>>> print(open('structure25.cif').read())   # mmCIF, N, CA and C atoms and all ligand atoms
data_start
loop_
_atom_site.label_atom_id
_atom_site.label_comp_id
_atom_site.auth_asym_id
_atom_site.auth_seq_id
_atom_site.Cartn_x
_atom_site.Cartn_y
_atom_site.Cartn_z
N MET A 1 -44.14 -57.84 53.95
CA MET A 1 -44.64 -56.65 53.26
C MET A 1 -45.13 -55.64 54.29
N GLN A 2 -44.78 -54.39 54.10
CA GLN A 2 -45.22 -53.37 55.03
C GLN A 2 -46.62 -52.90 54.67
N CYS A 3 -47.35 -52.52 55.69
CA CYS A 3 -48.74 -52.13 55.51
C CYS A 3 -48.84 -50.69 55.00
N PRO A 4 -49.59 -50.48 53.91
CA PRO A 4 -49.75 -49.12 53.39
C PRO A 4 -50.68 -48.27 54.26
N ARG A 5 -51.49 -48.92 55.06
CA ARG A 5 -52.48 -48.18 55.84
C ARG A 5 -51.85 -47.54 57.07
N CYS A 6 -51.01 -48.26 57.77
CA CYS A 6 -50.42 -47.69 58.99
C CYS A 6 -48.99 -47.27 58.74
N ASP A 7 -48.67 -47.01 57.47
CA ASP A 7 -47.41 -46.34 57.13
C ASP A 7 -46.18 -47.13 57.57
N GLY A 8 -46.22 -48.42 57.35
CA GLY A 8 -45.05 -49.23 57.63
C GLY A 8 -44.87 -49.66 59.07
N GLN A 9 -45.84 -49.33 59.93
CA GLN A 9 -45.75 -49.76 61.33
C GLN A 9 -46.05 -51.24 61.45
N GLY A 10 -46.93 -51.70 60.59
CA GLY A 10 -47.36 -53.09 60.67
C GLY A 10 -46.80 -53.90 59.52
N GLU A 11 -46.81 -55.21 59.71
CA GLU A 11 -46.33 -56.15 58.71
C GLU A 11 -47.54 -56.93 58.23
N ILE A 12 -47.68 -57.06 56.91
CA ILE A 12 -48.80 -57.81 56.38
C ILE A 12 -48.45 -59.29 56.35
N LYS A 13 -49.29 -60.08 56.94
CA LYS A 13 -49.07 -61.52 57.04
C LYS A 13 -50.12 -62.26 56.21
N LEU A 14 -49.68 -63.37 55.65
CA LEU A 14 -50.60 -64.23 54.91
C LEU A 14 -51.18 -65.23 55.91
N VAL A 15 -52.48 -65.27 56.03
CA VAL A 15 -53.10 -66.12 57.05
C VAL A 15 -54.22 -66.98 56.45
N ARG A 16 -54.54 -68.05 57.15
CA ARG A 16 -55.66 -68.91 56.75
C ARG A 16 -56.70 -68.87 57.86
N VAL A 17 -57.95 -68.64 57.47
CA VAL A 17 -59.05 -68.69 58.42
C VAL A 17 -59.37 -70.16 58.69
N GLN A 18 -59.24 -70.56 59.95
CA GLN A 18 -59.39 -71.99 60.28
C GLN A 18 -60.78 -72.51 59.95
N ALA A 19 -61.82 -71.68 60.17
CA ALA A 19 -63.20 -72.15 60.01
C ALA A 19 -63.57 -72.47 58.56
N ASN A 20 -63.04 -71.72 57.61
CA ASN A 20 -63.49 -71.92 56.22
C ASN A 20 -62.35 -72.03 55.22
N GLY A 21 -61.11 -71.96 55.70
CA GLY A 21 -59.97 -72.16 54.81
C GLY A 21 -59.64 -70.97 53.93
N ALA A 22 -60.33 -69.85 54.12
CA ALA A 22 -60.06 -68.66 53.30
C ALA A 22 -58.65 -68.13 53.59
N ILE A 23 -57.99 -67.66 52.55
CA ILE A 23 -56.66 -67.08 52.69
C ILE A 23 -56.79 -65.56 52.63
N LEU A 24 -56.19 -64.90 53.59
CA LEU A 24 -56.27 -63.45 53.69
C LEU A 24 -54.89 -62.86 53.91
N GLN A 25 -54.78 -61.58 53.62
CA GLN A 25 -53.60 -60.81 54.01
C GLN A 25 -54.05 -59.84 55.10
N VAL A 26 -53.39 -59.92 56.26
CA VAL A 26 -53.81 -59.11 57.41
C VAL A 26 -52.61 -58.38 58.00
N CYS A 27 -52.79 -57.10 58.28
CA CYS A 27 -51.76 -56.33 58.97
C CYS A 27 -51.78 -56.65 60.45
N ASP A 28 -50.61 -56.96 61.02
CA ASP A 28 -50.58 -57.35 62.43
C ASP A 28 -50.67 -56.15 63.37
N GLU A 29 -50.67 -54.96 62.82
CA GLU A 29 -50.73 -53.75 63.65
C GLU A 29 -52.14 -53.13 63.64
N CYS A 30 -52.65 -52.84 62.45
CA CYS A 30 -53.94 -52.12 62.38
C CYS A 30 -55.09 -53.02 61.94
N ASP A 31 -54.81 -54.33 61.68
CA ASP A 31 -55.84 -55.30 61.32
C ASP A 31 -56.51 -55.01 59.98
N ALA A 32 -55.87 -54.22 59.14
CA ALA A 32 -56.39 -54.05 57.78
C ALA A 32 -56.28 -55.40 57.06
N THR A 33 -57.30 -55.72 56.28
CA THR A 33 -57.40 -57.04 55.65
C THR A 33 -57.67 -56.90 54.15
N TRP A 34 -56.99 -57.75 53.37
CA TRP A 34 -57.22 -57.82 51.93
C TRP A 34 -57.34 -59.28 51.54
N PRO A 35 -58.12 -59.57 50.49
CA PRO A 35 -58.17 -60.94 49.99
C PRO A 35 -56.80 -61.37 49.45
N TYR A 36 -56.56 -62.66 49.47
CA TYR A 36 -55.33 -63.21 48.92
C TYR A 36 -55.23 -62.88 47.44
N GLY A 37 -54.06 -62.42 47.02
CA GLY A 37 -53.84 -62.15 45.61
C GLY A 37 -54.11 -60.70 45.23
N GLU A 38 -54.72 -59.96 46.14
CA GLU A 38 -54.97 -58.55 45.86
C GLU A 38 -53.82 -57.72 46.41
N MET A 39 -53.36 -56.74 45.63
CA MET A 39 -52.28 -55.89 46.09
C MET A 39 -52.79 -55.00 47.22
N PRO A 40 -52.18 -55.09 48.43
CA PRO A 40 -52.65 -54.25 49.53
C PRO A 40 -52.62 -52.76 49.18
N ASN A 41 -53.76 -52.15 49.31
CA ASN A 41 -53.96 -50.76 48.89
C ASN A 41 -54.82 -50.09 49.95
N ILE A 42 -54.45 -48.88 50.31
CA ILE A 42 -55.18 -48.19 51.38
C ILE A 42 -56.63 -47.92 51.00
N GLU A 43 -56.91 -47.88 49.70
CA GLU A 43 -58.28 -47.60 49.25
C GLU A 43 -59.21 -48.79 49.41
N THR A 44 -58.65 -49.98 49.51
CA THR A 44 -59.49 -51.17 49.38
C THR A 44 -59.50 -52.06 50.62
N PHE A 45 -58.85 -51.64 51.71
CA PHE A 45 -58.78 -52.57 52.85
C PHE A 45 -60.13 -52.74 53.51
N GLN A 46 -60.28 -53.90 54.17
CA GLN A 46 -61.43 -54.14 55.04
C GLN A 46 -60.88 -54.31 56.45
N ASP A 47 -61.68 -54.00 57.44
CA ASP A 47 -61.28 -54.26 58.81
C ASP A 47 -61.39 -55.76 59.09
N PHE A 48 -60.37 -56.30 59.72
CA PHE A 48 -60.33 -57.74 59.99
C PHE A 48 -61.56 -58.21 60.77
N GLY A 49 -61.90 -57.49 61.84
CA GLY A 49 -63.05 -57.87 62.66
C GLY A 49 -64.35 -57.84 61.87
N THR A 50 -64.51 -56.82 61.05
CA THR A 50 -65.72 -56.70 60.24
C THR A 50 -65.81 -57.83 59.24
N PHE A 51 -64.67 -58.13 58.61
CA PHE A 51 -64.62 -59.21 57.63
C PHE A 51 -65.00 -60.54 58.27
N MET A 52 -64.41 -60.82 59.43
CA MET A 52 -64.66 -62.09 60.09
C MET A 52 -66.12 -62.20 60.55
N LYS A 53 -66.64 -61.11 61.08
CA LYS A 53 -68.03 -61.13 61.54
C LYS A 53 -68.99 -61.34 60.38
N ALA A 54 -68.64 -60.80 59.21
CA ALA A 54 -69.46 -61.00 58.02
C ALA A 54 -69.50 -62.48 57.64
N HIS A 55 -68.51 -63.26 58.10
CA HIS A 55 -68.46 -64.69 57.81
C HIS A 55 -68.86 -65.51 59.03
N GLY A 56 -69.51 -64.87 60.00
CA GLY A 56 -70.04 -65.59 61.14
C GLY A 56 -69.01 -65.94 62.20
N LEU A 57 -67.87 -65.24 62.17
CA LEU A 57 -66.80 -65.52 63.14
C LEU A 57 -66.65 -64.32 64.07
N GLN A 58 -65.76 -64.48 65.05
CA GLN A 58 -65.63 -63.43 66.07
C GLN A 58 -64.62 -62.36 65.71
N GLY A 59 -63.68 -62.70 64.87
CA GLY A 59 -62.66 -61.73 64.51
C GLY A 59 -61.46 -61.76 65.43
N LEU A 60 -61.12 -62.95 65.92
CA LEU A 60 -59.96 -63.10 66.80
C LEU A 60 -58.78 -63.66 66.03
N TRP A 61 -57.57 -63.28 66.48
CA TRP A 61 -56.36 -63.83 65.84
C TRP A 61 -56.25 -65.33 66.10
N SER A 62 -56.93 -65.81 67.14
CA SER A 62 -56.90 -67.25 67.41
C SER A 62 -57.73 -68.04 66.41
N GLU A 63 -58.51 -67.35 65.59
CA GLU A 63 -59.32 -68.02 64.56
C GLU A 63 -58.57 -68.16 63.25
N ILE A 64 -57.36 -67.62 63.21
CA ILE A 64 -56.57 -67.71 61.98
C ILE A 64 -55.21 -68.32 62.27
N THR A 65 -54.60 -68.87 61.23
CA THR A 65 -53.26 -69.42 61.32
C THR A 65 -52.37 -68.62 60.38
N VAL A 66 -51.25 -68.14 60.87
CA VAL A 66 -50.32 -67.41 60.01
C VAL A 66 -49.59 -68.42 59.11
N ILE A 67 -49.71 -68.21 57.80
CA ILE A 67 -49.04 -69.09 56.84
C ILE A 67 -47.60 -68.61 56.65
N THR A 68 -47.45 -67.31 56.43
CA THR A 68 -46.11 -66.77 56.32
C THR A 68 -46.10 -65.29 56.71
N ASP A 69 -45.01 -64.88 57.34
CA ASP A 69 -44.84 -63.48 57.72
C ASP A 69 -44.39 -62.63 56.55
N HIS A 70 -43.93 -63.31 55.50
CA HIS A 70 -43.36 -62.54 54.39
C HIS A 70 -43.90 -63.03 53.05
N PRO A 71 -45.21 -62.76 52.80
CA PRO A 71 -45.77 -63.19 51.54
C PRO A 71 -45.05 -62.55 50.36
N GLU A 72 -44.81 -63.32 49.33
CA GLU A 72 -44.16 -62.79 48.13
C GLU A 72 -45.21 -62.25 47.21
N LYS A 73 -44.86 -61.21 46.53
CA LYS A 73 -45.84 -60.60 45.66
C LYS A 73 -45.26 -60.47 44.29
ZN ZN B 101 -51.44 -51.70 59.11
#
>>> encode(input="structure25.cif", output="structure tokens")
Amino acid sequence: MQCPRCDGQGEIKLVRVQANGAILQVCDECDATWPYGEMPNIETFQDFGTFMKAHGLQGLWSEITVITDHPEK
């Protein structure tokens, strides 16, 4: 899925946060983040780093595992 925030430059990936098992959708280009199951929308994104820090993590890609590069919607 292409990212609505960076105008198709980035690809939205479905990822799992290793520390707590949360499933997220993250753009690999601009790090825009949406909860799993939410339609990616430019009005509602969170910054990946901010989201992770809010959960006591550092906000590194090494803290997540990519489940799929092409989540189905
Ligand atoms: Zn993006």
>>> residues_near_ligand(input="structure25.cif", ligand="ligand ZN 101 (chain B)", cutoff="6.5 Å", atoms="all atoms listed in the file", output="list in words")
Cys3, Pro4, Arg5, Cys6, Asp7, Gly8, Gln9, Gly10, Glu11, Cys27, Asp28, Glu29, Cys30, Asp31 and Ala32 of chain A
>>> write_last_selection(input="structure25.cif", atoms="N, CA and C atoms", output="short mmCIF file (atom, residue, chain, number, x, y, z; two decimals), in the frame of the given file")
data_model
loop_
_atom_site.label_atom_id
_atom_site.label_comp_id
_atom_site.auth_asym_id
_atom_site.auth_seq_id
_atom_site.Cartn_x
_atom_site.Cartn_y
_atom_site.Cartn_z
N CYS A 3 -47.35 -52.52 55.69
CA CYS A 3 -48.74 -52.13 55.51
C CYS A 3 -48.84 -50.69 55.00
N PRO A 4 -49.59 -50.48 53.91
CA PRO A 4 -49.75 -49.12 53.39
C PRO A 4 -50.68 -48.27 54.26
N ARG A 5 -51.49 -48.92 55.06
CA ARG A 5 -52.48 -48.18 55.84
C ARG A 5 -51.85 -47.54 57.07
N CYS A 6 -51.01 -48.26 57.77
CA CYS A 6 -50.42 -47.69 58.99
C CYS A 6 -48.99 -47.27 58.74
N ASP A 7 -48.67 -47.01 57.47
CA ASP A 7 -47.41 -46.34 57.13
C ASP A 7 -46.18 -47.13 57.57
N GLY A 8 -46.22 -48.42 57.35
CA GLY A 8 -45.05 -49.23 57.63
C GLY A 8 -44.87 -49.66 59.07
N GLN A 9 -45.84 -49.33 59.93
CA GLN A 9 -45.75 -49.76 61.33
C GLN A 9 -46.05 -51.24 61.45
N GLY A 10 -46.93 -51.70 60.59
CA GLY A 10 -47.36 -53.09 60.67
C GLY A 10 -46.80 -53.90 59.52
N GLU A 11 -46.81 -55.21 59.71
CA GLU A 11 -46.33 -56.15 58.71
C GLU A 11 -47.54 -56.93 58.23
N CYS A 27 -52.79 -57.10 58.28
CA CYS A 27 -51.76 -56.33 58.97
C CYS A 27 -51.78 -56.65 60.45
N ASP A 28 -50.61 -56.96 61.02
CA ASP A 28 -50.58 -57.35 62.43
C ASP A 28 -50.67 -56.15 63.37
N GLU A 29 -50.67 -54.96 62.82
CA GLU A 29 -50.73 -53.75 63.65
C GLU A 29 -52.14 -53.13 63.64
N CYS A 30 -52.65 -52.84 62.45
CA CYS A 30 -53.94 -52.12 62.38
C CYS A 30 -55.09 -53.02 61.94
N ASP A 31 -54.81 -54.33 61.68
CA ASP A 31 -55.84 -55.30 61.32
C ASP A 31 -56.51 -55.01 59.98
N ALA A 32 -55.87 -54.22 59.14
CA ALA A 32 -56.39 -54.05 57.78
C ALA A 32 -56.28 -55.40 57.06
#
>>> select_by_dssp(input="structure25.cif", residues="chain A", states="alpha helix (DSSP H)", output="list in words")
Phe48, Gly49, Thr50, Phe51, Met52, Lys53 and Ala54 of chain A
>>> residues_around(input="structure25.cif", residues="Pro35 in chain A", least_positions_apart="2", cutoff="7 Å", atoms="all atoms listed in the file", output="list in words")
Ile23, Leu24, Gln25, Thr33, Gly37, Glu38 and Met39 of chain A
>>> atom_distance(input="structure25.cif", atom1="CA of Glu63 in chain A", atom2="CA of Val15 in chain A")
9.9 Å
>>> atom_distance(input="structure25.cif", atom1="atom N of Met1 in chain A", atom2="atom N of Ser62 in chain A")
20.0 Å
